[in-house]
Amino acid sequence: VHLALSEISRALPSDALITSGAALDAYASDASEVAPVTPLAVAKVASTEEISAVLRACNRHGVPVTSRGAGTSRVGGAVPAAGGLVISFERMNRVKHIEANDGLAVVEPGVVTGELHRSVESAGAFFPPDPNSWESCTIGGNVATNAGGPRALGYGVTRDYVLGLEAVTADGTVLKVGRRTRKGVTGYDLVSLLVGSEGTLAVVSEITLGVVRKPEAVGTIVIVLDDESRVHPCLNALRSHGVALRCAELLDSHTLALVRPKAGLALPDRAKALLIVEVDGDASTVEAMVERAGNVALESGALDVLVATEGTRREALWKSRRELSHALRRAAAKKLSEDVVVPPSKLGELIAFCRRTTETSPVRMPAYGHAGDGNLHVNLLWDDPELDVEPQVRRLFEETIRLGGTLSGEHGIGLLKAPYLPLEQSPDVIALERRIKDVFDPNRILNPGKIFADERRHGDC
Ligand code: LAC
Ligand code: ZN
């Protein structure tokens with residue numbers, strides 16, 4: 001390690017390398033419950049050349065490297081589990097340029113996603129991916145996890161907007177993959193491979209994003225339901241009546257009860273679930289669609305609908321959803337937040353499973369999230385710190401797979417879900433993924449322990 005650090009200190013300005021003191025602790029944990037691991041050093045890189053120099057040194061001396069955006073991972077992705085060095089992107093936070101007419105934006109990985117939204121919108125375009133942590137998370141982290149968000153229903157996820165990447169492999173080689181155009185069929189799709197690879201294959205140093213036309217108007221509709229079982233039929237009715245939703249977010253009975261006092265909405269007592277849906281487009285279409293959506297929802301049994309087409313009023317309708325993460329954190333001593341996905345037609349079965357678990361075990365399982373995509377944030381809440389919730393987590397994942405779903409819709413596998421990867425992927429698939437990993441990172445220095453469970457000690461130093 002000392003050899004690596006002295007090589008790195010020659011390549012970086014003196015204030016860019018932290019090797020001791022309490023400052024290191026700020027890089028030990030993320031937004032998950034994974035136990036903190038203080039890194040041996042943090043490199044605050046400012047350029048591709050600096051990233052390359054850091055990686056060359058770490059690779060030569062077998063020092064683990066964990067890339068970090070804003071540390072908002074829910075699965076331990078940013079925890080330097082094997083120790084070693086953290087590459088922090090706080091100094092690489094520039095939007096380099098936006099070409100609205102060509103539909104692209106070139107950015108550094110440390111740009112906060114909300115800043116990116118504002119820059120792109122002031123250039124007259126729109127960057128749809130909107131992970132709920134957009135005011136703090138970074139686009140680099142979004143690329144690492146292929147982040148989604150409410151608008152994924154209508155617009156797709158981060159991967160759908162990454163046209164090209166500049167990335168540095170473990171030995172310091174700088175690669176430019178992908179393109180600056182929307183179309184392209186040149187060689188293998190390495191962009192898609194790197195997006196979602198959770199910092200295990202390469203360190204991204206520049207991102208070329210596709211941007212689209214900004215919708216002229218947006219309408220938000222809160223659909224109040226008396227039973228969770230109405231969620232899927234209601235979404236089906238909207239679809240069959242030609243209402244194209246850009247988001248469809250669910251609060252189940254359990255989460256609604258938690259945020260009800262703070263939601264600021266006049267809800268009837270019988271309300272047991274909320275669907276927050278949105279449409280966008282030109283102003284007259286949005287007006288017509290909001291009306292149609294409201295009528296269809298009421299015909300399909302909704303207790304009430306609340307609508308807004310103006311910014312602050314729309315935001316007020318979203319308040320219950322935005323409050324959720326904090327409300328859930330306060331609701332129990334211990335909390336795990338999953339992001340399983342099932343085919344939307346299986347949502348009812350997934351919610352019923354959560355309800356049964358809540359009734360028959362000390363673990364409560366509220367569920368909320370991106371219902372239109374079948375992507376639910378099933379939370380596990382419990383109070384006894386001695387309780388081992390592993391069996392409940394495993395049963396949730398087994399049920400998800402049984403319903404034809406997947407373990408992670410947007411947060412990634414990270415450290416927390418690594419033991420469960422074999423529930424979804426066959427030994428042959430995992431073996432192939434490991435061979436791909438070894439091509440990019442033969443010394444296994446990049447984010448060890450993530451995605452693949454038994455790698456944690458490899459490369460430890
Ligand atoms: C959300 C985060 C947890 O959707 O993905 O709130
Ligand atoms: Zn989410």
# chains A, B, ... in the order shown; residues from 1 in each chain; ligands from 1
$ residues_near_ligand --ligand "ligand 1" --cutoff "6 Å" --atoms "only C-alpha atoms and all ligand atoms" --output "MDAnalysis selection string"
chainID A and resid 132 149 369
$ residues_near_ligand --ligand "ligand 2" --cutoff "7 Å" --atoms "only C-alpha atoms and all ligand atoms" --output "ChimeraX atom specification"
/A:131-132,148-150,339,369-370,377,410
$ residues_around --residues "A:Ala288" --least-positions-apart "5" --cutoff "10 Å" --atoms "only C-alpha atoms" --output "number ranges by chain"
A: 219, 243, 283, 293
$ write_last_selection --atoms "C-alpha atoms" --output "PDB file, in the first residue's frame"
ATOM      1  CA  GLY A 219     -50.218  16.418 -15.042  1.00  0.00           C
ATOM      2  CA  VAL A 243     -53.611   6.883 -20.962  1.00  0.00           C
ATOM      3  CA  ALA A 283     -50.649  21.329 -22.736  1.00  0.00           C
ATOM      4  CA  ALA A 293     -57.309   9.310 -16.240  1.00  0.00           C
TER       5      ALA A 293
END
$ atom_distance --atom1 "atom CA of A:Ala308" --atom2 "atom CA of A:Val296"
16.6 Å
$ closest_residue --among "A:Arg74, A:Arg159, A:Arg179, A:Lys272" --to "A:Cys137" --atoms "only C-alpha atoms"
A:Arg74
$ closest_residue --among "A:Glu299, A:Glu424, A:Asp454, A:Glu33" --to "A:Leu403" --atoms "only C-alpha atoms"
A:Glu424
$ atom_distance --atom1 "atom CA of A:Thr312" --atom2 "atom CA of A:Cys234"
26.2 Å
$ atom_distance --atom1 "atom CA of A:Leu201" --atom2 "atom CA of A:Asn447"
8.6 Å
$ select_by_dssp --residues "stretch 32-222 of chain A" --states "helix (DSSP H, G or I)" --output "NGL selection string"
:A and (48-61 or 113-122 or 139-145 or 152-155 or 158-161 or 190-194)
$ residues_around --residues "A:Leu317" --least-positions-apart "5" --cutoff "12 Å" --atoms "only C-alpha atoms" --output "PyMOL selection string"
chain A and resi 219-224+249+262-267+274-278+305-312+322-323
$ residues_around --residues "A:Leu116" --least-positions-apart "3" --cutoff "10 Å" --atoms "only C-alpha atoms" --output "list of chain:residue names"
A:Asn93, A:Arg94, A:Val95, A:Ala105, A:Val107, A:Val111, A:Val112, A:Thr113, A:Ser119, A:Val120, A:Glu121, A:Ser122, A:Phe126, A:Phe127, A:Trp134, A:Glu135, A:Thr138, A:Ile139
$ closest_residue --among "A:Leu175, A:Val341, A:Val211, A:Ala431" --to "A:Leu376" --atoms "only C-alpha atoms"
A:Val341
$ residues_around --residues "A:Arg402" --least-positions-apart "3" --cutoff "12 Å" --atoms "only C-alpha atoms" --output "VMD selection string"
chain A and resid 341 to 343 346 349 to 350 353 395 to 399 405 to 407 423 to 424
$ decode --residues "stretch 29-44 of chain A" --atoms "all heavy atoms" --output "mmCIF file, in the first residue's frame"
data_model
loop_
_atom_site.group_PDB
_atom_site.id
_atom_site.type_symbol
_atom_site.label_atom_id
_atom_site.label_comp_id
_atom_site.auth_asym_id
_atom_site.auth_seq_id
_atom_site.Cartn_x
_atom_site.Cartn_y
_atom_site.Cartn_z
ATOM 1 N N SER A 29 -18.894 4.696 4.762
ATOM 2 C CA SER A 29 -20.214 4.075 4.675
ATOM 3 C C SER A 29 -21.037 4.719 3.573
ATOM 4 O O SER A 29 -20.612 5.701 2.965
ATOM 5 C CB SER A 29 -20.938 4.181 6.023
ATOM 6 O OG SER A 29 -20.928 5.525 6.453
ATOM 7 N N ASP A 30 -22.206 4.153 3.324
ATOM 8 C CA ASP A 30 -23.118 4.755 2.353
ATOM 9 C C ASP A 30 -24.524 4.754 2.940
ATOM 10 O O ASP A 30 -24.685 4.671 4.151
ATOM 11 C CB ASP A 30 -23.014 4.052 0.986
ATOM 12 C CG ASP A 30 -23.331 2.563 1.050
ATOM 13 O OD1 ASP A 30 -23.986 2.127 2.017
ATOM 14 O OD2 ASP A 30 -22.924 1.831 0.117
ATOM 15 N N ALA A 31 -25.551 4.824 2.106
ATOM 16 C CA ALA A 31 -26.919 4.932 2.627
ATOM 17 C C ALA A 31 -27.521 3.579 2.998
ATOM 18 O O ALA A 31 -28.711 3.478 3.279
ATOM 19 C CB ALA A 31 -27.812 5.645 1.617
ATOM 20 N N SER A 32 -26.700 2.532 2.985
ATOM 21 C CA SER A 32 -27.184 1.211 3.396
ATOM 22 C C SER A 32 -26.822 0.969 4.854
ATOM 23 O O SER A 32 -26.143 1.781 5.478
ATOM 24 C CB SER A 32 -26.528 0.134 2.534
ATOM 25 O OG SER A 32 -25.149 0.031 2.854
ATOM 26 N N GLU A 33 -27.253 -0.186 5.369
ATOM 27 C CA GLU A 33 -26.919 -0.549 6.747
ATOM 28 C C GLU A 33 -25.607 -1.328 6.826
ATOM 29 O O GLU A 33 -25.273 -1.886 7.872
ATOM 30 C CB GLU A 33 -28.049 -1.393 7.354
ATOM 31 C CG GLU A 33 -29.403 -0.713 7.336
ATOM 32 C CD GLU A 33 -29.779 -0.082 8.675
ATOM 33 O OE1 GLU A 33 -29.281 -0.543 9.700
ATOM 34 O OE2 GLU A 33 -30.561 0.886 8.658
ATOM 35 N N VAL A 34 -24.872 -1.396 5.728
ATOM 36 C CA VAL A 34 -23.605 -2.128 5.725
ATOM 37 C C VAL A 34 -22.633 -1.464 6.719
ATOM 38 O O VAL A 34 -22.524 -0.238 6.763
ATOM 39 C CB VAL A 34 -22.999 -2.140 4.305
ATOM 40 C CG1 VAL A 34 -21.556 -2.636 4.318
ATOM 41 C CG2 VAL A 34 -23.852 -3.002 3.382
ATOM 42 N N ALA A 35 -21.953 -2.290 7.516
ATOM 43 C CA ALA A 35 -21.026 -1.755 8.515
ATOM 44 C C ALA A 35 -19.923 -0.933 7.843
ATOM 45 O O ALA A 35 -19.382 -1.345 6.817
ATOM 46 C CB ALA A 35 -20.418 -2.907 9.305
ATOM 47 N N PRO A 36 -19.597 0.224 8.406
ATOM 48 C CA PRO A 36 -18.577 1.079 7.785
ATOM 49 C C PRO A 36 -17.202 0.408 7.756
ATOM 50 O O PRO A 36 -16.860 -0.366 8.653
ATOM 51 C CB PRO A 36 -18.521 2.296 8.718
ATOM 52 C CG PRO A 36 -19.747 2.228 9.566
ATOM 53 C CD PRO A 36 -20.170 0.797 9.624
ATOM 54 N N VAL A 37 -16.454 0.671 6.700
ATOM 55 C CA VAL A 37 -15.058 0.230 6.603
ATOM 56 C C VAL A 37 -14.252 1.470 6.204
ATOM 57 O O VAL A 37 -14.451 2.011 5.114
ATOM 58 C CB VAL A 37 -14.876 -0.870 5.530
ATOM 59 C CG1 VAL A 37 -13.401 -1.272 5.428
ATOM 60 C CG2 VAL A 37 -15.746 -2.088 5.823
ATOM 61 N N THR A 38 -13.391 1.934 7.084
ATOM 62 C CA THR A 38 -12.613 3.132 6.759
ATOM 63 C C THR A 38 -11.519 2.772 5.762
ATOM 64 O O THR A 38 -10.744 1.839 5.995
ATOM 65 C CB THR A 38 -12.001 3.734 8.037
ATOM 66 O OG1 THR A 38 -13.074 4.011 8.938
ATOM 67 C CG2 THR A 38 -11.250 5.022 7.733
ATOM 68 N N PRO A 39 -11.456 3.492 4.640
ATOM 69 C CA PRO A 39 -10.417 3.169 3.654
ATOM 70 C C PRO A 39 -9.039 3.610 4.152
ATOM 71 O O PRO A 39 -8.937 4.424 5.064
ATOM 72 C CB PRO A 39 -10.834 3.985 2.428
ATOM 73 C CG PRO A 39 -11.609 5.141 2.993
ATOM 74 C CD PRO A 39 -12.302 4.619 4.223
ATOM 75 N N LEU A 40 -8.009 3.065 3.529
ATOM 76 C CA LEU A 40 -6.648 3.478 3.893
ATOM 77 C C LEU A 40 -6.315 4.841 3.300
ATOM 78 O O LEU A 40 -5.492 5.579 3.836
ATOM 79 C CB LEU A 40 -5.635 2.444 3.378
ATOM 80 C CG LEU A 40 -5.775 1.049 3.991
ATOM 81 C CD1 LEU A 40 -4.880 0.056 3.269
ATOM 82 C CD2 LEU A 40 -5.449 1.107 5.483
ATOM 83 N N ALA A 41 -6.961 5.153 2.191
ATOM 84 C CA ALA A 41 -6.693 6.434 1.535
ATOM 85 C C ALA A 41 -7.873 6.821 0.659
ATOM 86 O O ALA A 41 -8.667 5.973 0.251
ATOM 87 C CB ALA A 41 -5.429 6.326 0.678
ATOM 88 N N VAL A 42 -7.978 8.120 0.398
ATOM 89 C CA VAL A 42 -8.986 8.633 -0.538
ATOM 90 C C VAL A 42 -8.281 9.507 -1.560
ATOM 91 O O VAL A 42 -7.495 10.386 -1.187
ATOM 92 C CB VAL A 42 -10.062 9.471 0.199
ATOM 93 C CG1 VAL A 42 -11.020 10.121 -0.802
ATOM 94 C CG2 VAL A 42 -10.830 8.611 1.188
ATOM 95 N N ALA A 43 -8.531 9.254 -2.838
ATOM 96 C CA ALA A 43 -7.969 10.089 -3.901
ATOM 97 C C ALA A 43 -9.102 10.909 -4.504
ATOM 98 O O ALA A 43 -10.053 10.355 -5.063
ATOM 99 C CB ALA A 43 -7.316 9.222 -4.970
ATOM 100 N N LYS A 44 -8.997 12.249 -4.369
ATOM 101 C CA LYS A 44 -10.021 13.133 -4.958
ATOM 102 C C LYS A 44 -9.537 13.509 -6.344
ATOM 103 O O LYS A 44 -8.856 14.517 -6.528
ATOM 104 C CB LYS A 44 -10.200 14.377 -4.094
ATOM 105 C CG LYS A 44 -10.645 14.082 -2.677
ATOM 106 C CD LYS A 44 -10.848 15.391 -1.932
ATOM 107 C CE LYS A 44 -11.125 15.149 -0.463
ATOM 108 N NZ LYS A 44 -11.314 16.404 0.261
#
